[in-house]
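The file target_23.cif contains mmCIF, C-alpha atoms:
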data_my_file
#
loop_
_atom_site.group_PDB
_atom_site.id
_atom_site.type_symbol
_atom_site.label_atom_id
_atom_site.label_comp_id
_atom_site.auth_asym_id
_atom_site.auth_seq_id
_atom_site.Cartn_x
_atom_site.Cartn_y
_atom_site.Cartn_z
ATOM 1 C CA ASN L 1 57.303 -65.776 -16.901
ATOM 2 C CA SER L 2 60.422 -64.530 -15.155
ATOM 3 C CA THR L 3 58.828 -61.553 -13.407
ATOM 4 C CA ALA L 4 56.139 -63.687 -11.773
ATOM 5 C CA SER L 5 58.167 -66.890 -11.191
ATOM 6 C CA LYS L 6 55.743 -68.963 -13.217
ATOM 7 C CA VAL L 7 55.722 -71.356 -16.128
ATOM 8 C CA GLU L 8 52.908 -70.442 -18.475
ATOM 9 C CA ILE L 9 51.320 -73.195 -20.572
ATOM 10 C CA LEU L 10 49.635 -71.557 -23.545
ATOM 11 C CA ASN L 11 47.285 -72.616 -26.336
ATOM 12 C CA PHE L 12 48.381 -70.966 -29.574
ATOM 13 C CA ALA L 13 46.207 -72.982 -31.953
ATOM 14 C CA ASN L 14 44.972 -69.541 -32.986
ATOM 15 C CA PRO L 15 48.094 -67.333 -32.951
ATOM 16 C CA SER L 16 46.014 -64.174 -33.016
ATOM 17 C CA ALA L 17 44.124 -65.216 -29.875
ATOM 18 C CA ILE L 18 46.529 -67.064 -27.590
ATOM 19 C CA THR L 19 44.882 -68.354 -24.433
ATOM 20 C CA SER L 20 46.186 -69.631 -21.106
ATOM 21 C CA ILE L 21 45.855 -73.313 -20.254
ATOM 22 C CA LEU L 22 47.669 -73.292 -16.927
ATOM 23 C CA SER L 23 50.047 -71.150 -14.885
ATOM 24 C CA VAL L 24 52.501 -73.181 -12.776
ATOM 25 C CA ASP L 25 53.634 -71.183 -9.743
ATOM 26 C CA LEU L 26 57.357 -71.584 -8.947
ATOM 27 C CA SER L 27 57.620 -68.749 -6.422
ATOM 28 C CA SER L 28 58.104 -71.159 -3.507
ATOM 29 C CA TYR L 29 61.384 -72.276 -5.116
ATOM 30 C CA GLY L 30 62.963 -68.876 -5.804
ATOM 31 C CA ILE L 31 62.575 -65.265 -6.849
ATOM 32 C CA GLY L 32 62.326 -65.520 -10.629
ATOM 33 C CA GLY L 33 62.343 -67.985 -13.484
ATOM 34 C CA THR L 34 65.167 -67.722 -15.976
ATOM 35 C CA SER L 35 65.028 -70.537 -18.538
ATOM 36 C CA ILE L 36 62.945 -73.483 -19.684
ATOM 37 C CA ALA L 37 63.495 -76.548 -21.878
ATOM 38 C CA CYS L 38 61.409 -79.548 -22.905
ATOM 39 C CA LYS L 39 62.269 -82.971 -24.335
ATOM 40 C CA ASN L 40 60.639 -86.388 -24.385
ATOM 41 C CA GLY L 41 57.754 -85.167 -22.259
ATOM 42 C CA ILE L 42 59.975 -83.703 -19.533
ATOM 43 C CA VAL L 43 59.879 -79.970 -18.823
ATOM 44 C CA ALA L 44 62.784 -78.426 -16.909
ATOM 45 C CA ALA L 45 62.623 -74.867 -15.592
ATOM 46 C CA THR L 46 65.239 -72.896 -13.666
ATOM 47 C CA VAL L 47 64.511 -70.551 -10.784
ATOM 48 C CA GLU L 48 66.907 -67.967 -9.366
ATOM 49 C CA GLY L 49 67.714 -68.172 -5.663
ATOM 50 C CA ALA L 50 67.187 -65.183 -3.361
ATOM 51 C CA ASN L 51 70.187 -63.320 -1.921
ATOM 52 C CA TYR L 52 72.663 -65.006 -4.278
ATOM 53 C CA ALA L 53 71.812 -68.476 -3.021
ATOM 54 C CA ASN L 54 71.930 -71.443 -5.378
ATOM 55 C CA GLY L 55 69.072 -71.654 -7.832
ATOM 56 C CA LYS L 56 66.719 -74.567 -8.379
ATOM 57 C CA VAL L 57 65.739 -76.743 -11.319
ATOM 58 C CA VAL L 58 62.086 -77.769 -11.321
ATOM 59 C CA PHE L 59 61.087 -80.854 -13.313
ATOM 60 C CA MET L 60 57.502 -81.383 -14.451
ATOM 61 C CA ASP L 61 55.516 -83.081 -17.176
ATOM 62 C CA THR L 62 53.963 -81.181 -20.071
ATOM 63 C CA ASN L 63 50.726 -80.800 -18.089
ATOM 64 C CA GLY L 64 52.588 -78.803 -15.450
ATOM 65 C CA THR L 65 52.649 -81.505 -12.775
ATOM 66 C CA ILE L 66 55.833 -80.979 -10.732
ATOM 67 C CA GLY L 67 57.715 -84.184 -9.983
ATOM 68 C CA SER L 68 61.175 -83.214 -8.703
ATOM 69 C CA VAL L 69 63.157 -80.167 -7.579
ATOM 70 C CA VAL L 70 66.953 -80.050 -7.213
ATOM 71 C CA GLU L 71 69.583 -77.398 -6.547
ATOM 72 C CA ALA L 72 71.905 -76.028 -9.239
ATOM 73 C CA GLY L 73 74.362 -73.095 -9.043
ATOM 74 C CA VAL L 74 73.942 -69.352 -8.541
ATOM 75 C CA LEU L 75 71.720 -67.706 -11.174
ATOM 76 C CA PRO L 76 70.916 -70.680 -13.442
ATOM 77 C CA ASP L 77 70.654 -68.636 -16.615
ATOM 78 C CA MET L 78 70.064 -71.232 -19.344
ATOM 79 C CA ILE L 79 68.999 -74.875 -19.431
ATOM 80 C CA THR L 80 69.115 -77.443 -22.215
ATOM 81 C CA PHE L 81 68.710 -81.189 -22.765
ATOM 82 C CA SER L 82 71.317 -83.486 -24.287
ATOM 83 C CA PRO L 83 70.336 -84.846 -27.725
ATOM 84 C CA ASP L 84 69.284 -88.213 -26.240
ATOM 85 C CA GLY L 85 67.299 -86.535 -23.467
ATOM 86 C CA THR L 86 69.124 -88.289 -20.626
ATOM 87 C CA LYS L 87 70.937 -85.213 -19.289
ATOM 88 C CA VAL L 88 70.114 -81.618 -18.541
ATOM 89 C CA LEU L 89 72.858 -78.969 -18.573
ATOM 90 C CA ILE L 90 72.560 -75.587 -16.864
ATOM 91 C CA ALA L 91 74.752 -72.509 -17.255
ATOM 92 C CA ASN L 92 74.927 -70.920 -13.799
ATOM 93 C CA GLU L 93 75.984 -67.350 -14.493
ATOM 94 C CA GLY L 94 76.982 -66.311 -10.968
ATOM 95 C CA GLN L 95 76.811 -62.543 -11.560
ATOM 96 C CA PRO L 96 78.101 -60.245 -8.784
ATOM 97 C CA ASN L 97 76.076 -57.746 -6.797
ATOM 98 C CA SER L 98 76.455 -54.078 -7.643
ATOM 99 C CA ASP L 99 79.236 -53.258 -5.169
ATOM 100 C CA TYR L 100 81.075 -56.546 -5.779
ATOM 101 C CA THR L 101 80.905 -57.563 -2.131
ATOM 102 C CA ILE L 102 79.339 -60.778 -3.447
ATOM 103 C CA ASP L 103 80.767 -62.418 -6.568
ATOM 104 C CA PRO L 104 79.700 -66.073 -6.843
ATOM 105 C CA GLU L 105 81.584 -68.556 -8.979
ATOM 106 C CA GLY L 106 80.219 -69.313 -12.419
ATOM 107 C CA THR L 107 79.441 -73.020 -12.737
ATOM 108 C CA ILE L 108 77.859 -75.684 -14.944
ATOM 109 C CA SER L 109 75.362 -78.210 -13.596
ATOM 110 C CA ILE L 110 74.853 -81.594 -15.262
ATOM 111 C CA ILE L 111 71.758 -83.519 -14.177
ATOM 112 C CA ASN L 112 70.921 -87.145 -14.956
ATOM 113 C CA VAL L 113 67.221 -87.285 -15.879
ATOM 114 C CA SER L 114 67.170 -90.778 -17.371
ATOM 115 C CA GLY L 115 64.753 -91.923 -14.643
ATOM 116 C CA GLY L 116 62.020 -89.459 -15.594
ATOM 117 C CA PHE L 117 60.728 -86.129 -14.329
ATOM 118 C CA ASN L 118 59.564 -87.369 -10.927
ATOM 119 C CA THR L 119 62.651 -89.326 -9.828
ATOM 120 C CA VAL L 120 65.440 -86.725 -10.100
ATOM 121 C CA GLN L 121 67.422 -86.431 -6.859
ATOM 122 C CA GLN L 122 70.244 -84.181 -5.694
ATOM 123 C CA SER L 123 72.631 -87.117 -6.131
ATOM 124 C CA ASP L 124 71.877 -86.923 -9.875
ATOM 125 C CA VAL L 125 73.407 -83.426 -10.017
ATOM 126 C CA THR L 126 77.071 -82.851 -10.880
ATOM 127 C CA ASN L 127 78.354 -79.291 -10.516
ATOM 128 C CA LEU L 128 81.434 -78.255 -12.488
ATOM 129 C CA ASN L 129 83.477 -75.210 -11.481
ATOM 130 C CA PHE L 130 86.430 -73.399 -13.022
ATOM 131 C CA ASN L 131 88.738 -73.750 -9.986
ATOM 132 C CA ALA L 132 91.337 -75.698 -11.973
ATOM 133 C CA PHE L 133 91.882 -72.618 -14.155
ATOM 134 C CA ASP L 134 92.550 -70.200 -11.282
ATOM 135 C CA SER L 135 96.262 -71.045 -11.284
ATOM 136 C CA GLN L 136 96.352 -70.291 -15.036
ATOM 137 C CA LEU L 137 95.118 -66.705 -14.639
ATOM 138 C CA VAL L 138 98.233 -64.990 -16.028
ATOM 139 C CA ALA L 139 98.518 -67.292 -19.036
ATOM 140 C CA LEU L 140 94.803 -67.082 -19.825
ATOM 141 C CA LYS L 141 94.820 -63.283 -19.692
ATOM 142 C CA ALA L 142 97.888 -63.248 -21.942
ATOM 143 C CA SER L 143 95.984 -65.420 -24.430
ATOM 144 C CA GLY L 144 93.127 -62.900 -24.512
ATOM 145 C CA LEU L 145 90.724 -64.041 -21.814
ATOM 146 C CA ARG L 146 89.005 -61.084 -20.162
ATOM 147 C CA VAL L 147 89.304 -61.412 -16.377
ATOM 148 C CA PHE L 148 88.739 -57.994 -14.876
ATOM 149 C CA GLY L 149 86.237 -58.068 -12.027
ATOM 150 C CA VAL L 150 87.009 -56.682 -8.585
ATOM 151 C CA ASN L 151 89.524 -59.031 -6.906
ATOM 152 C CA ALA L 152 88.774 -61.474 -9.686
ATOM 153 C CA THR L 153 89.751 -65.097 -9.993
ATOM 154 C CA VAL L 154 88.951 -67.061 -13.130
ATOM 155 C CA SER L 155 86.285 -68.992 -11.198
ATOM 156 C CA LYS L 156 84.498 -65.845 -10.012
ATOM 157 C CA ASP L 157 84.919 -63.828 -13.190
ATOM 158 C CA VAL L 158 83.518 -66.315 -15.701
ATOM 159 C CA GLU L 159 79.785 -65.985 -16.257
ATOM 160 C CA PRO L 160 78.447 -69.025 -18.189
ATOM 161 C CA GLU L 161 75.680 -67.807 -20.445
ATOM 162 C CA TYR L 162 74.535 -70.415 -22.953
ATOM 163 C CA ILE L 163 75.221 -74.070 -23.789
ATOM 164 C CA THR L 164 75.141 -76.139 -26.960
ATOM 165 C CA ILE L 165 75.791 -79.885 -27.112
ATOM 166 C CA ALA L 166 77.320 -81.987 -29.898
ATOM 167 C CA ASP L 167 75.044 -84.362 -31.800
ATOM 168 C CA ASP L 168 76.788 -87.364 -30.222
ATOM 169 C CA GLY L 169 76.278 -85.951 -26.721
ATOM 170 C CA LEU L 170 79.950 -86.290 -25.843
ATOM 171 C CA THR L 171 80.954 -82.617 -25.841
ATOM 172 C CA ALA L 172 79.332 -79.343 -24.825
ATOM 173 C CA TRP L 173 80.357 -75.742 -25.383
ATOM 174 C CA VAL L 174 79.499 -72.840 -23.102
ATOM 175 C CA THR L 175 79.671 -69.139 -23.920
ATOM 176 C CA LEU L 176 81.433 -66.972 -21.335
ATOM 177 C CA GLN L 177 79.968 -63.722 -22.572
ATOM 178 C CA GLU L 178 81.667 -61.015 -20.536
ATOM 179 C CA ASN L 179 84.960 -62.900 -20.819
ATOM 180 C CA ASN L 180 84.760 -63.032 -24.649
ATOM 181 C CA ALA L 181 85.393 -66.775 -24.627
ATOM 182 C CA VAL L 182 83.937 -70.263 -25.025
ATOM 183 C CA ALA L 183 84.533 -73.163 -22.621
ATOM 184 C CA THR L 184 84.582 -76.817 -23.679
ATOM 185 C CA ILE L 185 83.120 -79.619 -21.548
ATOM 186 C CA ASN L 186 83.877 -83.330 -21.861
ATOM 187 C CA LEU L 187 80.536 -84.986 -21.040
ATOM 188 C CA VAL L 188 82.133 -88.412 -20.670
ATOM 189 C CA THR L 189 84.394 -87.336 -17.803
ATOM 190 C CA ASN L 190 82.257 -84.328 -16.754
ATOM 191 C CA GLN L 191 85.237 -81.977 -16.871
ATOM 192 C CA ILE L 192 85.767 -78.498 -18.267
ATOM 193 C CA THR L 193 88.722 -79.150 -20.563
ATOM 194 C CA ALA L 194 89.444 -75.765 -22.144
ATOM 195 C CA ILE L 195 88.702 -72.049 -22.180
ATOM 196 C CA THR L 196 89.118 -70.520 -25.639
ATOM 197 C CA PRO L 197 89.325 -66.703 -25.918
ATOM 198 C CA LEU L 198 87.660 -65.451 -29.096
ATOM 199 C CA GLY L 199 89.973 -62.542 -29.805
ATOM 200 C CA LEU L 200 89.077 -59.292 -31.535
ATOM 201 C CA LYS L 201 87.386 -58.271 -34.772
ATOM 202 C CA ASP L 202 89.094 -55.520 -36.788
ATOM 203 C CA HIS L 203 86.426 -53.049 -37.886
ATOM 204 C CA ASN L 204 88.897 -51.356 -40.244
ATOM 205 C CA LEU L 205 88.864 -54.336 -42.615
ATOM 206 C CA PRO L 206 86.552 -54.682 -45.641
ATOM 207 C CA GLY L 207 83.316 -56.410 -44.687
ATOM 208 C CA ASN L 208 83.681 -55.510 -41.011
ATOM 209 C CA THR L 209 81.850 -52.186 -41.061
ATOM 210 C CA LEU L 210 79.671 -51.144 -38.154
ATOM 211 C CA ASP L 211 77.327 -48.371 -37.074
ATOM 212 C CA ALA L 212 79.571 -46.880 -34.402
ATOM 213 C CA SER L 213 77.274 -44.267 -32.858
ATOM 214 C CA ASP L 214 74.027 -44.282 -30.884
ATOM 215 C CA GLN L 215 74.055 -40.454 -30.933
ATOM 216 C CA PHE L 216 73.299 -40.118 -34.648
ATOM 217 C CA SER L 217 69.782 -40.328 -36.053
ATOM 218 C CA GLU L 218 70.728 -42.413 -39.108
ATOM 219 C CA ILE L 219 72.233 -45.863 -39.599
ATOM 220 C CA PHE L 220 75.768 -45.185 -40.806
ATOM 221 C CA MET L 221 77.838 -48.264 -41.612
ATOM 222 C CA SER L 222 81.526 -47.583 -42.031
ATOM 223 C CA ASN L 223 85.004 -48.866 -41.286
ATOM 224 C CA TRP L 224 86.640 -47.409 -38.186
ATOM 225 C CA PRO L 225 90.086 -47.866 -36.572
ATOM 226 C CA VAL L 226 88.698 -49.910 -33.680
ATOM 227 C CA LYS L 227 88.546 -53.556 -32.704
ATOM 228 C CA GLY L 228 85.486 -55.182 -31.202
ATOM 229 C CA MET L 229 84.920 -58.158 -28.946
ATOM 230 C CA TYR L 230 82.489 -60.929 -29.883
ATOM 231 C CA MET L 231 81.137 -61.558 -26.355
ATOM 232 C CA PRO L 232 78.570 -64.161 -27.468
ATOM 233 C CA ASP L 233 75.298 -64.909 -25.748
ATOM 234 C CA ALA L 234 73.314 -67.662 -27.500
ATOM 235 C CA MET L 235 75.100 -70.438 -29.366
ATOM 236 C CA ALA L 236 74.245 -73.422 -31.550
ATOM 237 C CA GLN L 237 76.274 -76.130 -33.286
ATOM 238 C CA TYR L 238 76.061 -78.111 -36.491
ATOM 239 C CA ASN L 239 78.200 -80.781 -38.135
ATOM 240 C CA VAL L 240 79.360 -81.002 -41.739
ATOM 241 C CA GLY L 241 81.686 -83.722 -42.972
ATOM 242 C CA GLY L 242 82.738 -84.669 -39.473
ATOM 243 C CA THR L 243 83.603 -81.101 -38.436
ATOM 244 C CA THR L 244 81.556 -79.313 -35.798
ATOM 245 C CA TYR L 245 80.899 -75.605 -36.260
ATOM 246 C CA LEU L 246 79.708 -73.226 -33.566
ATOM 247 C CA VAL L 247 77.354 -70.361 -34.398
ATOM 248 C CA THR L 248 77.206 -67.520 -31.881
ATOM 249 C CA ALA L 249 74.918 -64.522 -31.417
ATOM 250 C CA ASN L 250 77.397 -61.858 -30.358
ATOM 251 C CA GLU L 251 75.350 -59.578 -28.150
ATOM 252 C CA GLY L 252 78.224 -57.984 -26.265
ATOM 253 C CA ASP L 253 77.610 -57.111 -22.641
ATOM 254 C CA ALA L 254 79.667 -54.493 -20.838
ATOM 255 C CA ARG L 255 79.791 -54.659 -17.062
ATOM 256 C CA ASP L 256 78.225 -51.636 -15.429
ATOM 257 C CA TYR L 257 78.090 -51.866 -11.632
ATOM 258 C CA SER L 258 78.571 -49.337 -8.862
ATOM 259 C CA ALA L 259 81.994 -50.886 -8.134
ATOM 260 C CA LEU L 260 82.972 -51.489 -11.763
ATOM 261 C CA ALA L 261 81.893 -49.578 -14.855
ATOM 262 C CA GLU L 262 83.852 -50.402 -17.987
ATOM 263 C CA GLU L 263 81.863 -48.253 -20.419
ATOM 264 C CA VAL L 264 83.392 -45.014 -21.709
ATOM 265 C CA ARG L 265 82.645 -42.955 -24.808
ATOM 266 C CA VAL L 266 85.401 -42.219 -27.302
ATOM 267 C CA GLY L 267 83.968 -38.705 -27.317
ATOM 268 C CA SER L 268 84.575 -38.268 -23.593
ATOM 269 C CA SER L 269 87.178 -35.641 -22.701
ATOM 270 C CA ALA L 270 88.617 -38.154 -20.241
ATOM 271 C CA TYR L 271 89.315 -40.578 -23.098
ATOM 272 C CA VAL L 272 92.554 -39.320 -24.633
ATOM 273 C CA LEU L 273 93.519 -40.503 -28.115
ATOM 274 C CA ASP L 274 97.235 -40.538 -28.925
ATOM 275 C CA PRO L 275 97.626 -37.693 -31.471
ATOM 276 C CA THR L 276 100.418 -39.576 -33.238
ATOM 277 C CA VAL L 277 98.277 -42.667 -33.824
ATOM 278 C CA PHE L 278 95.024 -40.725 -34.289
ATOM 279 C CA PRO L 279 95.796 -37.399 -36.012
ATOM 280 C CA ASN L 280 92.044 -37.201 -36.808
ATOM 281 C CA ALA L 281 91.090 -37.522 -33.133
ATOM 282 C CA ASN L 282 88.701 -34.569 -33.266
ATOM 283 C CA PHE L 283 86.802 -36.231 -36.087
ATOM 284 C CA LEU L 284 86.671 -39.621 -34.323
ATOM 285 C CA LYS L 285 85.278 -37.954 -31.203
ATOM 286 C CA LYS L 286 82.267 -36.499 -33.009
ATOM 287 C CA ASN L 287 78.825 -37.911 -32.078
#
Hey, can you dump this file as structure tokens for me?
Amino acid sequence: NSTASKVEILNFANPSAITSILSVDLSSYGIGGTSIACKNGIVAATVEGANYANGKVVFMDTNGTIGSVVEAGVLPDMITFSPDGTKVLIANEGQPNSDYTIDPEGTISIINVSGGFNTVQQSDVTNLNFNAFDSQLVALKASGLRVFGVNATVSKDVEPEYITIADDGLTAWVTLQENNAVATINLVTNQITAITPLGLKDHNLPGNTLDASDQFSEIFMSNWPVKGMYMPDAMAQYNVGGTTYLVTANEGDARDYSALAEEVRVGSSAYVLDPTVFPNANFLKKN
């Protein structure tokens, strides 16, 4: 329950009449819950910190008894267990404030929970940042990574969104939604080893149609001379014949802040289409 900073334990034996068993109040740890995961009897819940402070991870049993609380990064957006249940990984999104006077680094927290829900200490937490990629800014942008925040570095601009972990627990992948990329983590060395830009999808090709307008009352799928970004949110993995495949839910997520608004309509008079490339510009600008 993110608006009330609570974990709700519910009885849905009768799905048409779901009842409350217990409400676990987390408000003393932060201003809002963001994600929850459960494995081997351990429940882990993330709580956002006030005023862009680091968030917390609260560990409890399935009855809602809190055993341990540790600090993660800024805005712990998603939490998940490793397949063997010995580690918890958190994507700390680190979103900026509206005027970009605060822009925390996006990070990944790795927590050792092998001792159980009531023995987790801050020394069990490893925080990974993207500082090593800051010196690669020019090359990464040339390869297609979107880094475009106000006074952005790679570390500040990446916003880790969602994590999936390989079946063997040795590798994790993290979506960097606004950056249109996926990061790879080596869970043996606890290092971020790569950032992979996802490129663009050509909506002029067969099979790549889209409904391009939210100003039209009907669903109208068609090819258009535009390219779209994947910008994935959730992600999962599966393995076939020794090859791991990633599946992404490509939500897209434009940044729209008082100091940075990247949305613009093709139909806007301020958005000029080259008449040589787009001789049908008037048509393309219709709602």
When distances are computed from all atoms listed in the file, which of L:Ile219, L:Ala139, L:Ile163, L:Leu22 shows the smallest separation from Ile79 (chain L)?
-> L:Ile163
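As for CA of Gly106 (chain L) and CA of Asp167 (chain L), they are spaced 25.1 Å apart.
With all atoms listed in the file as the atoms that count, the residue of L:Gly144, L:Gly241, L:Pro232, L:Gly67 with the shortest distance to Val43 (chain L) is L:Gly67.
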Mind checking which residues fall within 12 Å of Val120 (chain L), counting only C-alpha atoms, ignoring those fewer than 2 positions away in the same chain, and posting them as an mmCIF file with C-alpha atoms, in the frame of the given file?
data_model
loop_
_atom_site.group_PDB
_atom_site.id
_atom_site.type_symbol
_atom_site.label_atom_id
_atom_site.label_comp_id
_atom_site.auth_asym_id
_atom_site.auth_seq_id
_atom_site.Cartn_x
_atom_site.Cartn_y
_atom_site.Cartn_z
ATOM 1 C CA ILE L 42 59.975 -83.703 -19.533
ATOM 2 C CA ALA L 44 62.784 -78.426 -16.909
ATOM 3 C CA VAL L 57 65.739 -76.743 -11.319
ATOM 4 C CA VAL L 58 62.086 -77.769 -11.321
ATOM 5 C CA PHE L 59 61.087 -80.854 -13.313
ATOM 6 C CA MET L 60 57.502 -81.383 -14.451
ATOM 7 C CA ILE L 66 55.833 -80.979 -10.732
ATOM 8 C CA GLY L 67 57.715 -84.184 -9.983
ATOM 9 C CA SER L 68 61.175 -83.214 -8.703
ATOM 10 C CA VAL L 69 63.157 -80.167 -7.579
ATOM 11 C CA VAL L 70 66.953 -80.050 -7.213
ATOM 12 C CA GLU L 71 69.583 -77.398 -6.547
ATOM 13 C CA THR L 86 69.124 -88.289 -20.626
ATOM 14 C CA LYS L 87 70.937 -85.213 -19.289
ATOM 15 C CA VAL L 88 70.114 -81.618 -18.541
ATOM 16 C CA ILE L 110 74.853 -81.594 -15.262
ATOM 17 C CA ILE L 111 71.758 -83.519 -14.177
ATOM 18 C CA ASN L 112 70.921 -87.145 -14.956
ATOM 19 C CA VAL L 113 67.221 -87.285 -15.879
ATOM 20 C CA SER L 114 67.170 -90.778 -17.371
ATOM 21 C CA GLY L 115 64.753 -91.923 -14.643
ATOM 22 C CA GLY L 116 62.020 -89.459 -15.594
ATOM 23 C CA PHE L 117 60.728 -86.129 -14.329
ATOM 24 C CA ASN L 118 59.564 -87.369 -10.927
ATOM 25 C CA GLN L 122 70.244 -84.181 -5.694
ATOM 26 C CA SER L 123 72.631 -87.117 -6.131
ATOM 27 C CA ASP L 124 71.877 -86.923 -9.875
ATOM 28 C CA VAL L 125 73.407 -83.426 -10.017
#
Could you state which residues are captured by the PyMOL selection byres ((chain L and resi 133) around 10) in this file, as an MDAnalysis selection string?
-> chainID L and resid 129:132 134:137 139:140 153:155 192:195
Those selected residues, please, written with C-alpha atoms and delivered as an mmCIF file, in the coordinates of the input.
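Full text of result_4.cif as output:
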data_model
loop_
_atom_site.group_PDB
_atom_site.id
_atom_site.type_symbol
_atom_site.label_atom_id
_atom_site.label_comp_id
_atom_site.auth_asym_id
_atom_site.auth_seq_id
_atom_site.Cartn_x
_atom_site.Cartn_y
_atom_site.Cartn_z
ATOM 1 C CA ASN L 129 83.477 -75.210 -11.481
ATOM 2 C CA PHE L 130 86.430 -73.399 -13.022
ATOM 3 C CA ASN L 131 88.738 -73.750 -9.986
ATOM 4 C CA ALA L 132 91.337 -75.698 -11.973
ATOM 5 C CA ASP L 134 92.550 -70.200 -11.282
ATOM 6 C CA SER L 135 96.262 -71.045 -11.284
ATOM 7 C CA GLN L 136 96.352 -70.291 -15.036
ATOM 8 C CA LEU L 137 95.118 -66.705 -14.639
ATOM 9 C CA ALA L 139 98.518 -67.292 -19.036
ATOM 10 C CA LEU L 140 94.803 -67.082 -19.825
ATOM 11 C CA THR L 153 89.751 -65.097 -9.993
ATOM 12 C CA VAL L 154 88.951 -67.061 -13.130
ATOM 13 C CA SER L 155 86.285 -68.992 -11.198
ATOM 14 C CA ILE L 192 85.767 -78.498 -18.267
ATOM 15 C CA THR L 193 88.722 -79.150 -20.563
ATOM 16 C CA ALA L 194 89.444 -75.765 -22.144
ATOM 17 C CA ILE L 195 88.702 -72.049 -22.180
#
Test item: residues at most 9 Å from Tyr257 (chain L), all atoms listed in the file, excluding those fewer than 5 positions along its chain, as a ChimeraX atom specification | /L:96-100,262
Could you expand the PyMOL selection byres ((chain L and resi 268) around 12) into the explicit residues it covers here, written as a PyMOL selection string?
-> chain L and resi 263-267+269-273+281-282+284-287
Keeping only C-alpha atoms, write those residues as a PDB file, keeping the file's coordinate frame.
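What follows is the written file result.pdb:
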ATOM      1  CA  GLU L 263      81.863 -48.253 -20.419  1.00  0.00           C
ATOM      2  CA  VAL L 264      83.392 -45.014 -21.709  1.00  0.00           C
ATOM      3  CA  ARG L 265      82.645 -42.955 -24.808  1.00  0.00           C
ATOM      4  CA  VAL L 266      85.401 -42.219 -27.302  1.00  0.00           C
ATOM      5  CA  GLY L 267      83.968 -38.705 -27.317  1.00  0.00           C
ATOM      6  CA  SER L 269      87.178 -35.641 -22.701  1.00  0.00           C
ATOM      7  CA  ALA L 270      88.617 -38.154 -20.241  1.00  0.00           C
ATOM      8  CA  TYR L 271      89.315 -40.578 -23.098  1.00  0.00           C
ATOM      9  CA  VAL L 272      92.554 -39.320 -24.633  1.00  0.00           C
ATOM     10  CA  LEU L 273      93.519 -40.503 -28.115  1.00  0.00           C
ATOM     11  CA  ALA L 281      91.090 -37.522 -33.133  1.00  0.00           C
ATOM     12  CA  ASN L 282      88.701 -34.569 -33.266  1.00  0.00           C
ATOM     13  CA  LEU L 284      86.671 -39.621 -34.323  1.00  0.00           C
ATOM     14  CA  LYS L 285      85.278 -37.954 -31.203  1.00  0.00           C
ATOM     15  CA  LYS L 286      82.267 -36.499 -33.009  1.00  0.00           C
ATOM     16  CA  ASN L 287      78.825 -37.911 -32.078  1.00  0.00           C
TER      17      ASN L 287
END
Quick one: which residues end up in the PyMOL selection byres ((chain L and resi 177) around 10) for this structure, as a ChimeraX atom specification?
-> /L:93,146,158-162,174-176,178-182,229-234,250-254
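Proximity ranking of L:Asn63, L:Ser217, L:Ser20, L:Gln95 relative to Asp256 (chain L) places L:Gln95 first, based on all atoms listed in the file.
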Measuring atom to atom with all atoms listed in the file, identify which of L:Phe12, L:Val147, L:Cys38, L:Ile165 is nearest to Asn239 (chain L).
->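 Of L:Phe12, L:Val147, L:Cys38, L:Ile165, the one nearest Asn239 (chain L) is L:Ile165, counting all atoms listed in the file.
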Starting from 4 Å padding per side, set up an axis-aligned box that covers all listed atoms of region 106-118 of chain L and hand over centre and edge lengths in Å, one decimal, as AutoDock Vina command-line options.
--center_x 69.9 --center_y -80.6 --center_z -14.1 --size_x 28.7 --size_y 30.6 --size_z 14.4
Counting all atoms listed in the file, what is within 12 Å of Leu75 (chain L), bar same-chain residues fewer than 6 positions away, as a PyMOL selection string?
-> chain L and resi 30-35+46-57+90-97+103-109+159-161
For Tyr238 (chain L), work out the shell of residues within 10 Å, counting all atoms listed in the file and skipping chain neighbours fewer than 4 positions away, then give it as a PyMOL selection string.
-> chain L and resi 164-167+242-247
Do you have the CA of Met221 (chain L)-CA of Gly207 (chain L) distance handy?
-> 10.3 Å
Could you work out how far CA of Arg255 (chain L) lies from CA of Val74 (chain L), giving the answer in Å with one decimal?
->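 Atom-to-atom, CA of Val74 (chain L) and CA of Arg255 (chain L) are spaced 18.0 Å apart.
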Give the answer as one residue: which of L:Asn280, L:Ser222, L:Thr62, L:Gln237 has the shortest atom-to-atom distance to Gly169 (chain L), using only C-alpha atoms?
->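 Using only C-alpha atoms, Gly169 (chain L) sits closest to L:Gln237.
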For Glu8 (chain L), which residue out of L:Tyr29, L:Asp157, L:Ala45, L:Asp84 is the nearest one, using only C-alpha atoms?
->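 Closest to Glu8 (chain L) of all the choices is L:Ala45.
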If we count only C-alpha atoms, what is near region 186-191 of chain L at a cut-off of 7 Å, once residues fewer than 3 positions away on the same chain are taken out, given as a ChimeraX atom specification?
-> /L:128,170-172
Please dump the current selection as a compact mmCIF listing (two decimals), in the frame of the given file; keep C-alpha atoms.
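What follows is the written file result02.txt:
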# COMPACT_ATOMS: atom_id res chain seq x y z
CA LEU L 128 81.43 -78.26 -12.49
CA LEU L 170 79.95 -86.29 -25.84
CA THR L 171 80.95 -82.62 -25.84
CA ALA L 172 79.33 -79.34 -24.82
